[in-house]
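Chemist: Please find protein24.txt (compact mmCIF, C-alpha atoms) on the next line:
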```txt
# COMPACT_ATOMS: atom_id res chain seq x y z
CA MET Z 1 -14.91 -4.54 10.91
CA GLU Z 2 -15.93 -2.08 8.21
CA CYS Z 3 -13.68 -3.62 5.58
CA ALA Z 4 -11.63 -6.78 5.11
CA HIS Z 5 -8.48 -6.14 3.08
CA GLY Z 6 -6.74 -9.01 1.31
CA VAL Z 7 -3.84 -9.46 -1.06
CA LEU Z 8 -4.39 -12.17 -3.67
CA SER Z 9 -1.09 -11.80 -5.52
CA MET Z 10 1.83 -9.43 -5.09
CA ALA Z 11 3.73 -10.52 -8.21
CA HIS Z 12 2.20 -12.74 -10.84
CA PRO Z 13 3.32 -12.89 -14.48
CA LEU Z 14 1.34 -10.98 -17.09
CA GLU Z 15 0.70 -12.08 -20.64
CA GLY Z 16 -1.49 -10.33 -23.21
CA ARG Z 17 -2.44 -7.11 -24.93
CA VAL Z 18 -5.21 -4.52 -24.65
CA THR Z 19 -6.24 -2.09 -27.36
CA LEU Z 20 -7.43 1.23 -25.99
CA ASN Z 21 -8.42 4.15 -28.22
CA GLY Z 22 -6.67 2.51 -31.16
CA LYS Z 23 -3.38 2.02 -29.30
CA THR Z 24 -2.22 -1.49 -28.37
CA LEU Z 25 -0.64 -1.91 -24.95
CA ASP Z 26 1.42 -5.08 -24.50
CA PHE Z 27 1.65 -6.34 -20.92
CA SER Z 28 3.58 -9.52 -21.78
CA GLY Z 29 6.52 -10.07 -19.44
CA GLY Z 30 5.09 -7.64 -16.88
CA VAL Z 31 4.26 -8.24 -13.23
CA GLY Z 32 0.76 -7.94 -11.76
CA TYR Z 33 -0.73 -7.16 -8.34
CA ILE Z 34 -4.25 -8.08 -7.20
CA GLU Z 35 -5.94 -7.22 -3.92
CA THR Z 36 -9.45 -7.21 -2.57
CA ASP Z 37 -11.52 -5.13 -0.14
CA ARG Z 38 -14.82 -6.47 1.16
CA GLY Z 39 -17.31 -4.77 3.42
CA ARG Z 40 -19.81 -1.94 3.76
CA SER Z 41 -17.36 0.94 4.26
CA PHE Z 42 -13.75 1.87 3.81
CA PRO Z 43 -12.12 2.91 7.09
CA ASP Z 44 -12.51 6.61 7.96
CA ALA Z 45 -8.75 7.11 7.83
CA TYR Z 46 -6.27 4.88 6.03
CA LEU Z 47 -3.05 4.73 4.05
CA TRP Z 48 -2.23 2.17 1.35
CA THR Z 49 0.87 1.85 -0.77
CA GLN Z 50 2.41 -0.88 -2.90
CA CYS Z 51 5.02 -1.40 -5.57
CA VAL Z 52 6.62 -4.22 -7.53
CA TRP Z 53 9.91 -4.07 -9.40
CA GLN Z 54 11.93 -6.40 -11.58
CA GLY Z 55 15.62 -6.57 -12.47
CA ASP Z 56 18.69 -7.99 -10.76
CA ARG Z 57 17.16 -7.66 -7.28
CA PRO Z 58 13.38 -7.92 -7.79
CA GLY Z 59 11.06 -7.14 -4.92
CA ARG Z 60 7.72 -5.90 -3.74
CA VAL Z 61 6.24 -3.95 -0.87
CA MET Z 62 2.65 -3.59 0.34
CA LEU Z 63 1.61 -1.52 3.37
CA SER Z 64 -1.88 -0.81 4.64
CA ILE Z 65 -2.68 1.24 7.76
CA ALA Z 66 -6.17 2.08 9.01
CA THR Z 67 -8.21 3.23 11.97
CA ILE Z 68 -10.26 0.20 12.93
CA PRO Z 69 -13.45 0.26 15.02
CA MET Z 70 -13.81 -2.88 17.11
CA ALA Z 71 -15.87 -3.63 20.19
CA GLY Z 72 -16.68 0.04 20.78
CA VAL Z 73 -13.10 1.34 20.53
CA ARG Z 74 -10.91 2.54 17.68
CA PHE Z 75 -7.27 1.63 17.15
CA THR Z 76 -4.71 2.05 14.39
CA GLY Z 77 -3.75 -1.23 12.78
CA CYS Z 78 -1.41 -2.20 9.97
CA ILE Z 79 -0.47 -5.05 7.69
CA CYS Z 80 2.66 -5.10 5.57
CA ALA Z 81 4.71 -7.44 3.41
CA VAL Z 82 8.24 -6.74 2.19
CA CYS Z 83 9.59 -9.31 -0.27
CA TYR Z 84 13.23 -8.75 -1.08
CA GLY Z 85 16.50 -10.65 -1.23
CA GLY Z 86 14.74 -14.01 -1.41
CA ARG Z 87 12.82 -13.42 1.86
CA GLU Z 88 9.34 -12.33 2.82
CA TYR Z 89 8.95 -10.16 5.91
CA ARG Z 90 5.45 -9.78 7.36
CA LEU Z 91 4.71 -6.95 9.73
CA ALA Z 92 1.23 -6.64 11.19
CA THR Z 93 -0.62 -5.45 14.26
CA TYR Z 94 -1.52 -9.06 15.11
CA ARG Z 95 2.25 -9.82 15.10
CA GLY Z 96 3.16 -6.89 17.35
CA ALA Z 97 3.80 -4.20 14.73
CA ARG Z 98 2.99 -0.64 15.64
CA VAL Z 99 2.52 2.46 13.55
CA GLU Z 100 4.97 5.14 14.70
CA ARG Z 101 3.59 7.82 12.38
CA TRP Z 102 1.46 8.15 9.27
CA SER Z 103 0.10 10.99 7.18
CA SER Z 104 -0.44 12.04 3.58
CA ALA Z 105 3.38 12.19 3.31
CA GLY Z 106 3.93 8.52 4.21
CA ALA Z 107 4.41 6.24 7.19
CA VAL Z 108 6.80 4.54 9.59
CA ILE Z 109 6.01 1.17 11.14
CA ARG Z 110 8.08 -1.02 13.46
CA GLN Z 111 7.92 -4.64 14.56
CA GLY Z 112 10.71 -5.82 16.83
CA LYS Z 113 14.00 -5.14 15.06
CA TYR Z 114 12.29 -4.37 11.72
CA ARG Z 115 11.35 -0.86 10.58
CA LEU Z 116 9.77 0.26 7.30
CA THR Z 117 9.45 3.82 6.07
CA ALA Z 118 7.35 4.76 3.04
CA GLU Z 119 7.85 8.37 1.94
CA LEU Z 120 5.62 9.89 -0.76
CA LEU Z 121 7.84 12.05 -2.97
CA LYS Z 122 5.38 12.80 -5.76
CA GLY Z 123 1.85 11.83 -6.68
CA GLU Z 124 -1.63 13.16 -7.21
CA GLY Z 125 -4.56 10.85 -6.82
CA CYS Z 126 -7.44 10.30 -9.19
CA SER Z 127 -10.94 10.49 -7.73
CA LEU Z 128 -12.63 7.16 -7.09
CA ARG Z 129 -15.99 6.26 -5.61
CA ALA Z 130 -15.77 4.25 -2.40
CA PRO Z 131 -18.28 2.62 -0.04
CA ALA Z 132 -19.71 4.39 3.00
CA GLU Z 133 -22.35 2.47 4.97
CA GLY Z 134 -23.03 0.19 2.00
CA VAL Z 135 -23.47 2.97 -0.59
CA MET Z 136 -20.83 4.20 -3.04
CA GLY Z 137 -21.17 7.66 -1.48
CA ARG Z 138 -17.61 8.62 -0.72
CA THR Z 139 -14.82 10.03 -2.87
CA VAL Z 140 -11.23 8.93 -2.24
CA HIS Z 141 -8.05 9.66 -4.20
CA GLU Z 142 -5.69 6.96 -5.43
CA SER Z 143 -2.54 7.25 -7.51
CA LEU Z 144 -0.97 4.32 -9.32
CA ARG Z 145 1.91 6.46 -10.63
CA SER Z 146 3.30 7.91 -7.41
CA THR Z 147 6.97 8.22 -6.60
CA VAL Z 148 7.53 6.58 -3.21
CA ARG Z 149 10.78 5.87 -1.38
CA TYR Z 150 10.73 2.67 0.69
CA ARG Z 151 13.43 1.91 3.26
CA PHE Z 152 13.50 -1.26 5.33
CA TRP Z 153 15.85 -1.96 8.24
CA ALA Z 154 16.69 -4.96 10.41
CA GLY Z 155 18.13 -3.24 13.46
CA GLU Z 156 20.75 -0.78 12.20
CA THR Z 157 21.22 -2.64 8.90
CA LEU Z 158 19.48 -1.09 5.90
CA LEU Z 159 18.17 -4.04 3.87
CA LEU Z 160 16.26 -2.11 1.22
CA ASP Z 161 16.35 1.45 -0.11
CA ARG Z 162 14.11 1.69 -3.16
CA THR Z 163 12.54 4.70 -4.86
CA ASN Z 164 9.80 3.62 -7.25
CA ARG Z 165 8.12 5.95 -9.77
CA CYS Z 166 5.22 3.56 -10.44
CA ALA Z 167 4.07 2.94 -6.88
CA GLY Z 168 0.47 2.94 -5.75
CA PHE Z 169 -0.38 5.37 -2.94
CA GLU Z 170 -3.68 6.26 -1.32
CA TYR Z 171 -4.36 8.29 1.81
CA ALA Z 172 -7.63 9.26 3.43
CA ASP Z 173 -7.85 11.30 6.61
CA GLY Z 174 -11.59 10.87 7.18
CA LYS Z 175 -12.38 14.35 5.89
CA GLU Z 176 -13.01 13.45 2.22
CA ASN Z 177 -15.99 14.73 0.32
CA CYS Z 178 -19.10 12.60 0.28
CA ALA Z 179 -21.30 12.39 -2.80
CA GLU Z 180 -24.60 14.17 -2.64
```
Please express the file's structure as structure tokens.
Modeler:
Amino acid sequence: MECAHGVLSMAHPLEGRVTLNGKTLDFSGGVGYIETDRGRSFPDAYLWTQCVWQGDRPGRVMLSIATIPMAGVRFTGCICAVCYGGREYRLATYRGARVERWSSAGAVIRQGKYRLTAELLKGEGCSLRAPAEGVMGRTVHESLRSTVRYRFWAGETLLLDRTNRCAGFEYADGKENCAE
């Protein structure tokens, strides 16, 4: 596989301050998210989104979809975690999940009776360098301040309907610019 994606923590406590350009930012009491990507290349086409929220009904969502080359063929795979209402739901290709649709506007995935939609309502990505064949020669666009609406169903029952203004969202269709 071109890239191995992993989630290290979806909601760990934050404590501390950072001073940037003379302004102190206090992260104490916040919630952090850490993930990892290892490999020589990002997938040609992929979608990634995640958000964490606090309050009376805290929760978190992470969804990653990608075209995956394996054994001479390509397929679309996904991995997802929805943590809400005291439960963790895992949806993934290796568990029978399938991607019904995905684009720069969002995605719909289904696994048995569960269905997740992620709809990008607002967000412009910042340019980042990304690996292509072992060289940081690709430009992708990621936003960590997107507005995304997440809806999660179990059958006909809507378990979660959350619009988050501080969601992460990244989409690549395989047609990005490469560095010269």
Chemist: Enter the distance from CA of Cys78 (chain Z) to CA of Arg149 (chain Z), in Å, rounded to one decimal.
Modeler: 18.5 Å
Chemist: Here is a test: counting all atoms listed in the file, which residue of Z:Leu25, Z:Ala81, Z:Leu159, Z:Ala132 is nearest to Gln50 (chain Z)?
Modeler: Z:Ala81
Chemist: What lies within 7 Å of region 35-42 of chain Z using all atoms listed in the file, ignoring chain neighbours under 6 positions off, as an MDAnalysis selection string?
Modeler: chainID Z and resid 2:9 130:134
Chemist: So that I can see what lies close to Gly85 (chain Z), please list as number ranges by chain the residues with an atom at most 8 Å from it, counting all atoms listed in the file and leaving out residues fewer than 6 positions away in the same chain.
Modeler: Z: 57-59
Chemist: Would you mind reading off the distance between CA of Tyr171 (chain Z) and CA of Val82 (chain Z), one decimal, in Å?
Modeler: 19.6 Å
Chemist: Mind checking which residues fall within 12 Å of Gly96 (chain Z), counting all atoms listed in the file, ignoring those fewer than 6 positions away in the same chain, and posting them as a list in words?
Modeler: Gly77, Cys78, Ile79, Cys80, Arg90, Ile109, Arg110, Gln111, Gly112, Lys113 and Tyr114 of chain Z
Chemist: If we count only C-alpha atoms and set the cut-off at 10 Å, which residues sit around region 123-128 of chain Z, ignoring sequence neighbours fewer than 2 positions away in its own chain? Please answer as a ChimeraX atom specification.
Modeler: /Z:120-121,130,136,138-148,165-171
Chemist: Would you mind telling me which residue in Z:Trp102, Z:Phe152, Z:Tyr89, Z:Tyr84 lies nearest to Arg60 (chain Z) when using only C-alpha atoms?
Modeler: Z:Tyr84
Chemist: Which protein, DNA or RNA residues are at most 7 Å from (1.0, 0.0, 1.5) in the file's coordinates when you count all atoms listed in the file, listed as a ChimeraX atom specification?
Modeler: /Z:47-50,61-64,80
Chemist: Report, in Å with one decimal, the straight-line distance from CA of Val18 (chain Z) to CA of Lys122 (chain Z).
Modeler: 27.7 Å
Chemist: Point out the residue among Z:Leu116, Z:Cys51, Z:Ile65, Z:Ala105 with the least atom-to-atom distance to Thr163 (chain Z), counting all atoms listed in the file.
Modeler: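 Checking each of Z:Leu116, Z:Cys51, Z:Ile65, Z:Ala105 against Thr163 (chain Z), counting all atoms listed in the file, the winner is Z:Cys51.
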Chemist: Padding of 6 Å on every side, edges along x, y and z, all listed atoms of region 47-59 of chain Z included: what centre and edge lengths in Å, to one decimal, does that box have, as lines of an AutoDock Vina configuration file?
Modeler:
```
center_x = 7.8
center_y = -1.6
center_z = -4.2
size_x = 33.7
size_y = 24.7
size_z = 28.5
```
Chemist: With all atoms listed in the file as the counted atoms, please give the residues lying no more than 7 Å from Tyr33 (chain Z), apart from itself and same-chain residues fewer than 5 positions off, as an MDAnalysis selection string.
Modeler: chainID Z and resid 9:12
Chemist: Using all atoms listed in the file, which of the listed residues (Z:Asp44, Z:Trp53, Z:Ala154, Z:Glu88) sits closest to Arg74 (chain Z)?
Modeler: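 Of Z:Asp44, Z:Trp53, Z:Ala154, Z:Glu88, the one nearest Arg74 (chain Z) is Z:Asp44, counting all atoms listed in the file.
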